[in-house]
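Colleague: Could you have a look at this structure, given as structure tokens, before my questions?
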Amino acid sequence: MGNCVQGAKDYFCRPKNTNIRVSLPMMCFVWQISMIILFGVFIRYDEESDTHWIEHRKENNITSDIENDFYFRYPSFQDVHVMIFVGFGFLMTFLKKYSFGAVGFNFLIAAFGIQWALLMQGWFHSLDHTDGKIKIGVESLINADFCVAGCLIAYGAVLGKVSPVQLLVMTLFGVTLFAVEEFIILSLIHAKDAGGSMVIHTFGAYYGLAISWVLYRPNLDQSKRLQGSVYHSDLFAMIGTLFLWMFWPSFNSAITDHGDGQHRAAINTYLALASTVLTTVAISSMFQKTGKLDMVHIQNSTLAGGVAVGTAAEFLLTPYGALIVGFCCGILSTLGYLYISPFLEKRLKIQDTCGVHNLHAMPGVIGGIVGAITAAAASESTYGHEGLINTFDFEGPFKDRTPNIQGGHQAAGICVAIVFGIGGGILVGLILRLPIWGDPEDDNCFDDEVYWEVPEDEESIPPILEYNNHMSNKQQEMSESNFSVEQS
Amino acid sequence: MGNCVQGAKDYFCRPKNTNIRVSLPMMCFVWQISMIILFGVFIRYDEESDTHWIEHRKENNITSDIENDFYFRYPSFQDVHVMIFVGFGFLMTFLKKYSFGAVGFNFLIAAFGIQWALLMQGWFHSLDHTDGKIKIGVESLINADFCVAGCLIAYGAVLGKVSPVQLLVMTLFGVTLFAVEEFIILSLIHAKDAGGSMVIHTFGAYYGLAISWVLYRPNLDQSKRLQGSVYHSDLFAMIGTLFLWMFWPSFNSAITDHGDGQHRAAINTYLALASTVLTTVAISSMFQKTGKLDMVHIQNSTLAGGVAVGTAAEFLLTPYGALIVGFCCGILSTLGYLYISPFLEKRLKIQDTCGVHNLHAMPGVIGGIVGAITAAAASESTYGHEGLINTFDFEGPFKDRTPNIQGGHQAAGICVAIVFGIGGGILVGLILRLPIWGDPEDDNCFDDEVYWEVPEDEESIPPILEYNNHMSNKQQEMSESNFSVEQS
Amino acid sequence: MGNCVQGAKDYFCRPKNTNIRVSLPMMCFVWQISMIILFGVFIRYDEESDTHWIEHRKENNITSDIENDFYFRYPSFQDVHVMIFVGFGFLMTFLKKYSFGAVGFNFLIAAFGIQWALLMQGWFHSLDHTDGKIKIGVESLINADFCVAGCLIAYGAVLGKVSPVQLLVMTLFGVTLFAVEEFIILSLIHAKDAGGSMVIHTFGAYYGLAISWVLYRPNLDQSKRLQGSVYHSDLFAMIGTLFLWMFWPSFNSAITDHGDGQHRAAINTYLALASTVLTTVAISSMFQKTGKLDMVHIQNSTLAGGVAVGTAAEFLLTPYGALIVGFCCGILSTLGYLYISPFLEKRLKIQDTCGVHNLHAMPGVIGGIVGAITAAAASESTYGHEGLINTFDFEGPFKDRTPNIQGGHQAAGICVAIVFGIGGGILVGLILRLPIWGDPEDDNCFDDEVYWEVPEDEESIPPILEYNNHMSNKQQEMSESNFSVEQS
């Protein structure tokens, strides 16, 4: 037994090898080939993207091509797409020497995840039982992007501390868990969650935090020199922040009901986000000497309102309701960066690189609660008879549901998301502790050098020689031949 | 009396205190809470974003959800949103050490302004007199973004010289003035101004210039070391330029008539902007030795065509007319940067950081004039009977108006915009001179250090020590422990 | 004869003069004025952007303004616009000291080219024979952007080695050749090419490569110090990469059939691109020691799937077919960067700065082949009777065409594109060798200093003095007054 423990300890504690020359390509190839096979077996165009659309139109008396779902959702889809790849990608570039990893691995796992998401979500939601095929259209693409968003949030918690191979494993399991959790919340419980406060943000954040907890690195401060930002990396991160902020109304309205549903969700999100900016700035300024603002808060907490309004965005939250939600979340999220993150790290041993607890976990839970309350408070007098049915889909097996009951089911949804996030995260975290994934040493975290060919900056030419350039041309030639390294 | 003057002088000239730890949070909180209350009292969803839309559709024989105004305007709205937050924000990042302030304060005042704009514009334009509520939809969001654009233009003139608290005050009054001016121009005078050449650009630019004039800093050259750009800050600014340039067709067509109105406005703007690029490059190259291009011109003057075609974009300006407008504005705006800006600074004591006079004021006025001429030249033979009525809204109380008279009213609109801009700017400038707003000293302008926690750049490690890194590991360790500073 | 040769040799070999103070402005002005005149003579609004739309609607029983082509295509247009100006522009900013030239000249030639493209494409495709006018609408704007994309691809091959005047000449001829080639392929041969694999990418890439071949610089390694990237320039390039990647579905679907055509094209492109990312990462990692990733591959090869799916995107390629195309192109393109580009440079004397051969030429040809195969394999049983006619436009003079024959014609299209590209490129290359265009010396390539006013970076203060700043204030003042240079 002692031997066994010792053996396990040795196995887990041997010096780390970050060589991923075999594992990364193998993973990519095996995965992509599997995808091709599974897509070949399962995935087909739906009736709106198939060449039979023209016949479908006639049969269903659709007067114009413009009523193809493509025109209802494609602009929102593209906005969501920008949020996933530029928004999340650049938001994480704030570290001084991990920007390649931030934007590059974000790109990799998103492209990897959307394919698996199309399959997983397809099996649960859009399987055509007549022929056993999954039929995809623009809404499927949006849902795949949503699903991947959950995994990218989780990436934020472990940013800089894991290898790309670990990220792929994390995404593989993350998408799977997401699809199951989503099916339970949206289909079985029949909770509504247009912008995914519960399904995407709560789940994704707790999934990432749980993984980070399992992968706790007690000596992470050996990489402390790389944990900050530099001036321009903070500006790159602002690109991410702003594209997330601007397109969040599209995120929350992308898959809501045609017509007033999309319209209202966009308005509510727009207002909640505006309100969040003000309180984030207020708290950030209030807690620094001389009232200086902290870029970390501006980059992150300004987005909390969008998260928190996700579930209720399509309900009659009312414009001032949206403002109140944004107001509270800006305060809470900024306080989170000031007090809760340090607490989590010191006491709970959760190292949360991007602060996803403040940006996604807390606002996500709040969003779920706001959704539950708003749903429970709905009534025919405010929504109208048809409006109420329409908004909450009180149809088919759910036609007898009342707003009150719906509120309870919404609340149940939050719990499912948390349980799946934490449970799944611990499980996946344990898998990721196997010493075969090529993750970096504690003193090598947050460093692009480990997984990227990084160009030598000109500044790395010893400056003393650069100074001499001004003095003598001869020395310049010498210094160049000796020290400057060009990218091939 | 002498005492009084001396007292006032002492009051205004005491050493400046840039501590905004009380004023900024207080302002944000008071403001946001007021907004919540006012929204609660006044703002409701309009019939296209309310759950009663489904009943509204049936009553009005609307065949499909796609005819909800959301689908006509939402893609343009998102483009405008990008212009406001990324476009204006990044355009101003060109200064070497004021990029945080540029993009961050732009974010703050835009989020702050849109809420107030929804109320102010709502009271003037979309108050439902049956219940005293303002009904908002996607068009209201666009208009709020437009309104804020005026204030962001004004920010360009005072960039780097004011505190965030001053910016909030400036925005508060700016939005108020804007709403009044807009009401006079669009509703009372019944001038048309789709892209806001007059209402947005002329007003905003003169508002900012007048404030800058009142806040004139004779010793601003003490901050001269920070007034330039660095290589990468110019690239960040190009992100702003390009997003403004690309989405300007959406800006000018966002609130024009459904159908041909939006279509034509987009085409005209596209053409005017293309033409502007060519003449901007020509003039920029012509006035530098060896024909080198100046990034300042490329970043700014290339946009002048979009400003100048704003009013006439929805008229039958004709494609070549749009090219001519762009042609002239590219020349004028670039010459403005070369000759007029220095003149304004030296002779008129107007310090215009971003050159808004060249990019917004002059092209805005030209745009107003072009609009007046195009309107006056309209006729039933070219527009068609219904087309003429449709384009100029010659309906209701204005059904007897002729194109000629409309041209005169358009011209009157320009004057209103200028008067409101200059008058309002002087007034607000005087308020901003009170020494309570935390603005920086003359030798401290254009410096993010004043209002932001700025990360220490690695370069601040004395380079001589960095050189030694190549020589000895021991010294490296020493240098790190002594000099490198990490962001917490 | 000998004299003549000697004379010619002297003429072509005289020391280069990069002064473009006369040629660049002259070219811009002459060009822009010609455009205004030609637009005045030829270009008018089409019936959907003219004020007579309201009458047109009634005559054609169009029930709603939403059926104006504007609403079908404008969101895609804006995405394409972003790809042209931000996508291509920033993708090329990767060089450490040529980012101004990359994004600035890209801006110039795109704005220059779209005007000429509207005319050239108009004469070939949308000339109204009743009045001899070209009628433009939103689809014309998209086509103009497409046309310019070909020239921007060509710019990628010669990036850093030519003057802006040469670029304008190259664009002038490039657009002309493009319009002719497009007319032959799409109208005469009646090949389909929605995303322009052949018409845009194959043509553009070979055009650029042929020019680069004619302009071969044997001593280009004198500029080797500037051929690499720096950390932040690689991040700027990622902005370009991501906007191209995200909006490629809009590119390939922008001008396809309303309804299912646009819908399907977007789905196929989304899938192909996702698949490409995985294989690009795999190959990039596999060929570097310790499996490190190379930013050059991530920035470029990840896009190859979008190119290769261009022709077949609107066909029933099937989702797994799209994945397979992306799979192969990711591998091929990355291998191209590793092996083919060095081979082209050493053996074929083709210096391809951005590797357009790997990103556009090879994937473009593959895209053409995939299109031919997919077309040939089409059948009524899969497409449906109407679907087949609709998808391939088997109408009018082409109503008897079978899928098989269509496949052959598609293949012919590839050849036309290659022939026009190489032939046109050689011709234009010879013109560009005239020593009147202001191109840089071999040791001066890839350097913004030649054509731009470049701000002095703070780092250019001799670092030894900067170090001394920490020691003595006196020396600081001295160093500033001596060395720091501010931008005026």
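Convention: chains lettered A, B, ... in structure tokens order; per-chain residue numbering from 1; ligands numbered from 1 as shown.
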Going by DSSP on the backbone, which residues of stretch 81-134 of chain B come out as alpha helix (DSSP H)? List them as a PyMOL selection string.
Modeller: chain B and resi 81-82+88-91+99-125
Colleague: Which neighbours of stretch 391-393 of chain A fall inside 8 Å, counting only C-alpha atoms, when residues of the same chain fewer than 3 positions from it are skipped, and could you give them as a compact mmCIF listing (two decimals) with N, CA, C and O atoms, in the first residue's frame?
Modeller:
# COMPACT_ATOMS: atom_id res chain seq x y z
N LYS A 192 -36.34 28.60 -19.04
CA LYS A 192 -35.93 29.45 -20.17
C LYS A 192 -34.58 30.07 -19.82
O LYS A 192 -34.36 30.49 -18.68
N ASP A 257 -37.29 34.30 -29.30
CA ASP A 257 -38.38 34.27 -30.28
C ASP A 257 -38.23 35.35 -31.34
O ASP A 257 -37.81 36.47 -31.04
N GLY A 261 -39.45 39.05 -29.13
CA GLY A 261 -38.50 38.37 -28.25
C GLY A 261 -37.07 38.85 -28.48
O GLY A 261 -36.38 39.24 -27.54
N GLU A 314 -35.37 38.08 -22.23
CA GLU A 314 -36.53 37.98 -23.11
C GLU A 314 -37.86 38.17 -22.37
O GLU A 314 -38.90 38.27 -22.97
N PHE A 315 -37.78 38.20 -21.03
CA PHE A 315 -39.00 38.44 -20.26
C PHE A 315 -39.30 39.94 -20.20
O PHE A 315 -38.53 40.76 -20.68
N GLY A 387 -49.15 36.52 -25.38
CA GLY A 387 -47.78 36.89 -25.06
C GLY A 387 -47.19 36.00 -23.99
O GLY A 387 -46.02 35.60 -24.08
N LEU A 388 -47.98 35.67 -22.99
CA LEU A 388 -47.49 34.83 -21.90
C LEU A 388 -47.14 33.43 -22.41
O LEU A 388 -46.05 32.89 -22.14
N PHE A 398 -46.40 21.42 -21.45
CA PHE A 398 -46.24 22.45 -20.42
C PHE A 398 -47.39 23.46 -20.44
O PHE A 398 -47.28 24.54 -19.88
N LYS A 399 -48.49 23.09 -21.09
CA LYS A 399 -49.53 24.10 -21.30
C LYS A 399 -50.27 24.47 -20.00
O LYS A 399 -50.92 25.50 -19.94
N THR B 51 -44.48 42.22 -25.34
CA THR B 51 -45.08 40.90 -25.59
C THR B 51 -46.42 41.00 -26.31
O THR B 51 -46.92 39.99 -26.81
Colleague: Taking only C-alpha atoms into account, report as a PyMOL selection string which residues of chain A lie within 6 Å of chain B.
Modeller: chain A and resi 225+228+230+259-260+263-264+274+278+282+285-286+290-294+320+383+387+462
Colleague: Would you output that residue set with N, CA, C and O atoms, as a PDB file, in the first residue's frame?
Modeller:
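Output file result_31.pdb is given in full below:
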ATOM      1  N   ARG A 225       6.484  37.098 -11.834  1.00  0.00           N
ATOM      2  CA  ARG A 225       6.989  38.149 -12.719  1.00  0.00           C
ATOM      3  C   ARG A 225       6.171  38.275 -13.998  1.00  0.00           C
ATOM      4  O   ARG A 225       6.161  39.304 -14.652  1.00  0.00           O
ATOM      5  N   GLY A 228       1.515  39.994 -14.440  1.00  0.00           N
ATOM      6  CA  GLY A 228       0.950  41.313 -14.677  1.00  0.00           C
ATOM      7  C   GLY A 228       0.769  41.599 -16.160  1.00  0.00           C
ATOM      8  O   GLY A 228       0.992  40.757 -17.012  1.00  0.00           O
ATOM      9  N   VAL A 230       1.307  44.592 -19.426  1.00  0.00           N
ATOM     10  CA  VAL A 230       2.041  45.787 -19.833  1.00  0.00           C
ATOM     11  C   VAL A 230       1.056  46.729 -20.522  1.00  0.00           C
ATOM     12  O   VAL A 230      -0.078  46.343 -20.810  1.00  0.00           O
ATOM     13  N   GLY A 259     -39.284  38.355 -33.674  1.00  0.00           N
ATOM     14  CA  GLY A 259     -40.133  39.512 -33.395  1.00  0.00           C
ATOM     15  C   GLY A 259     -39.816  40.164 -32.065  1.00  0.00           C
ATOM     16  O   GLY A 259     -38.666  40.517 -31.804  1.00  0.00           O
ATOM     17  N   ASP A 260     -40.826  40.291 -31.218  1.00  0.00           N
ATOM     18  CA  ASP A 260     -40.625  41.022 -29.967  1.00  0.00           C
ATOM     19  C   ASP A 260     -39.593  40.361 -29.046  1.00  0.00           C
ATOM     20  O   ASP A 260     -38.917  41.041 -28.282  1.00  0.00           O
ATOM     21  N   HIS A 263     -36.200  41.540 -30.059  1.00  0.00           N
ATOM     22  CA  HIS A 263     -36.190  42.979 -29.888  1.00  0.00           C
ATOM     23  C   HIS A 263     -35.994  43.345 -28.412  1.00  0.00           C
ATOM     24  O   HIS A 263     -35.133  44.144 -28.047  1.00  0.00           O
ATOM     25  N   ARG A 264     -36.799  42.722 -27.547  1.00  0.00           N
ATOM     26  CA  ARG A 264     -36.770  43.046 -26.131  1.00  0.00           C
ATOM     27  C   ARG A 264     -35.467  42.597 -25.472  1.00  0.00           C
ATOM     28  O   ARG A 264     -34.901  43.315 -24.651  1.00  0.00           O
ATOM     29  N   ALA A 274     -25.016  49.197 -19.898  1.00  0.00           N
ATOM     30  CA  ALA A 274     -24.696  50.606 -19.700  1.00  0.00           C
ATOM     31  C   ALA A 274     -24.605  50.918 -18.208  1.00  0.00           C
ATOM     32  O   ALA A 274     -23.680  51.599 -17.748  1.00  0.00           O
ATOM     33  N   LEU A 278     -21.102  52.199 -15.214  1.00  0.00           N
ATOM     34  CA  LEU A 278     -21.058  53.287 -14.233  1.00  0.00           C
ATOM     35  C   LEU A 278     -20.669  52.791 -12.850  1.00  0.00           C
ATOM     36  O   LEU A 278     -19.804  53.371 -12.181  1.00  0.00           O
ATOM     37  N   ALA A 282     -17.285  53.449 -10.572  1.00  0.00           N
ATOM     38  CA  ALA A 282     -17.421  54.022  -9.235  1.00  0.00           C
ATOM     39  C   ALA A 282     -16.658  53.203  -8.198  1.00  0.00           C
ATOM     40  O   ALA A 282     -15.852  53.735  -7.425  1.00  0.00           O
ATOM     41  N   SER A 285     -12.767  53.211  -8.693  1.00  0.00           N
ATOM     42  CA  SER A 285     -12.164  54.469  -8.261  1.00  0.00           C
ATOM     43  C   SER A 285     -12.180  54.609  -6.742  1.00  0.00           C
ATOM     44  O   SER A 285     -11.222  55.092  -6.127  1.00  0.00           O
ATOM     45  N   MET A 286     -13.258  54.149  -6.145  1.00  0.00           N
ATOM     46  CA  MET A 286     -13.453  54.338  -4.712  1.00  0.00           C
ATOM     47  C   MET A 286     -12.428  53.577  -3.878  1.00  0.00           C
ATOM     48  O   MET A 286     -12.078  53.984  -2.776  1.00  0.00           O
ATOM     49  N   THR A 290      -6.250  58.006  -4.272  1.00  0.00           N
ATOM     50  CA  THR A 290      -6.451  59.110  -5.216  1.00  0.00           C
ATOM     51  C   THR A 290      -7.477  58.778  -6.300  1.00  0.00           C
ATOM     52  O   THR A 290      -7.575  59.497  -7.292  1.00  0.00           O
ATOM     53  N   GLY A 291      -8.241  57.707  -6.148  1.00  0.00           N
ATOM     54  CA  GLY A 291      -9.336  57.453  -7.074  1.00  0.00           C
ATOM     55  C   GLY A 291      -8.952  56.962  -8.447  1.00  0.00           C
ATOM     56  O   GLY A 291      -9.740  57.072  -9.384  1.00  0.00           O
ATOM     57  N   LYS A 292      -7.747  56.429  -8.567  1.00  0.00           N
ATOM     58  CA  LYS A 292      -7.339  55.923  -9.882  1.00  0.00           C
ATOM     59  C   LYS A 292      -8.145  54.695 -10.266  1.00  0.00           C
ATOM     60  O   LYS A 292      -8.549  53.900  -9.420  1.00  0.00           O
ATOM     61  N   LEU A 293      -8.344  54.527 -11.578  1.00  0.00           N
ATOM     62  CA  LEU A 293      -9.080  53.372 -12.064  1.00  0.00           C
ATOM     63  C   LEU A 293      -8.129  52.217 -12.332  1.00  0.00           C
ATOM     64  O   LEU A 293      -6.974  52.418 -12.705  1.00  0.00           O
ATOM     65  N   ASP A 294      -8.655  51.010 -12.182  1.00  0.00           N
ATOM     66  CA  ASP A 294      -7.862  49.813 -12.432  1.00  0.00           C
ATOM     67  C   ASP A 294      -8.371  49.141 -13.705  1.00  0.00           C
ATOM     68  O   ASP A 294      -9.550  48.829 -13.816  1.00  0.00           O
ATOM     69  N   TYR A 320     -36.176  49.630 -16.466  1.00  0.00           N
ATOM     70  CA  TYR A 320     -35.502  49.996 -15.209  1.00  0.00           C
ATOM     71  C   TYR A 320     -35.042  48.757 -14.459  1.00  0.00           C
ATOM     72  O   TYR A 320     -34.039  48.787 -13.743  1.00  0.00           O
ATOM     73  N   TYR A 383     -48.384  40.492 -19.709  1.00  0.00           N
ATOM     74  CA  TYR A 383     -47.854  39.875 -20.925  1.00  0.00           C
ATOM     75  C   TYR A 383     -48.911  39.747 -22.024  1.00  0.00           C
ATOM     76  O   TYR A 383     -48.563  39.613 -23.192  1.00  0.00           O
ATOM     77  N   GLY A 387     -49.152  36.523 -25.383  1.00  0.00           N
ATOM     78  CA  GLY A 387     -47.783  36.891 -25.060  1.00  0.00           C
ATOM     79  C   GLY A 387     -47.187  35.999 -23.992  1.00  0.00           C
ATOM     80  O   GLY A 387     -46.025  35.601 -24.076  1.00  0.00           O
ATOM     81  N   PRO A 462      21.139  43.378 -26.658  1.00  0.00           N
ATOM     82  CA  PRO A 462      21.628  44.081 -25.469  1.00  0.00           C
ATOM     83  C   PRO A 462      21.685  45.577 -25.726  1.00  0.00           C
ATOM     84  O   PRO A 462      22.329  46.031 -26.669  1.00  0.00           O
TER      85      PRO A 462
END
Colleague: I need the strand (DSSP E) residues of stretch 41-283 of chain C per DSSP on the backbone, written as a list of chain:residue names.
Modeller: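 Those residues are C:Ile43, C:Arg44, C:Tyr45, C:Leu127, C:Asp128, C:Lys133, C:Ile134, C:Lys135, C:Ile136.
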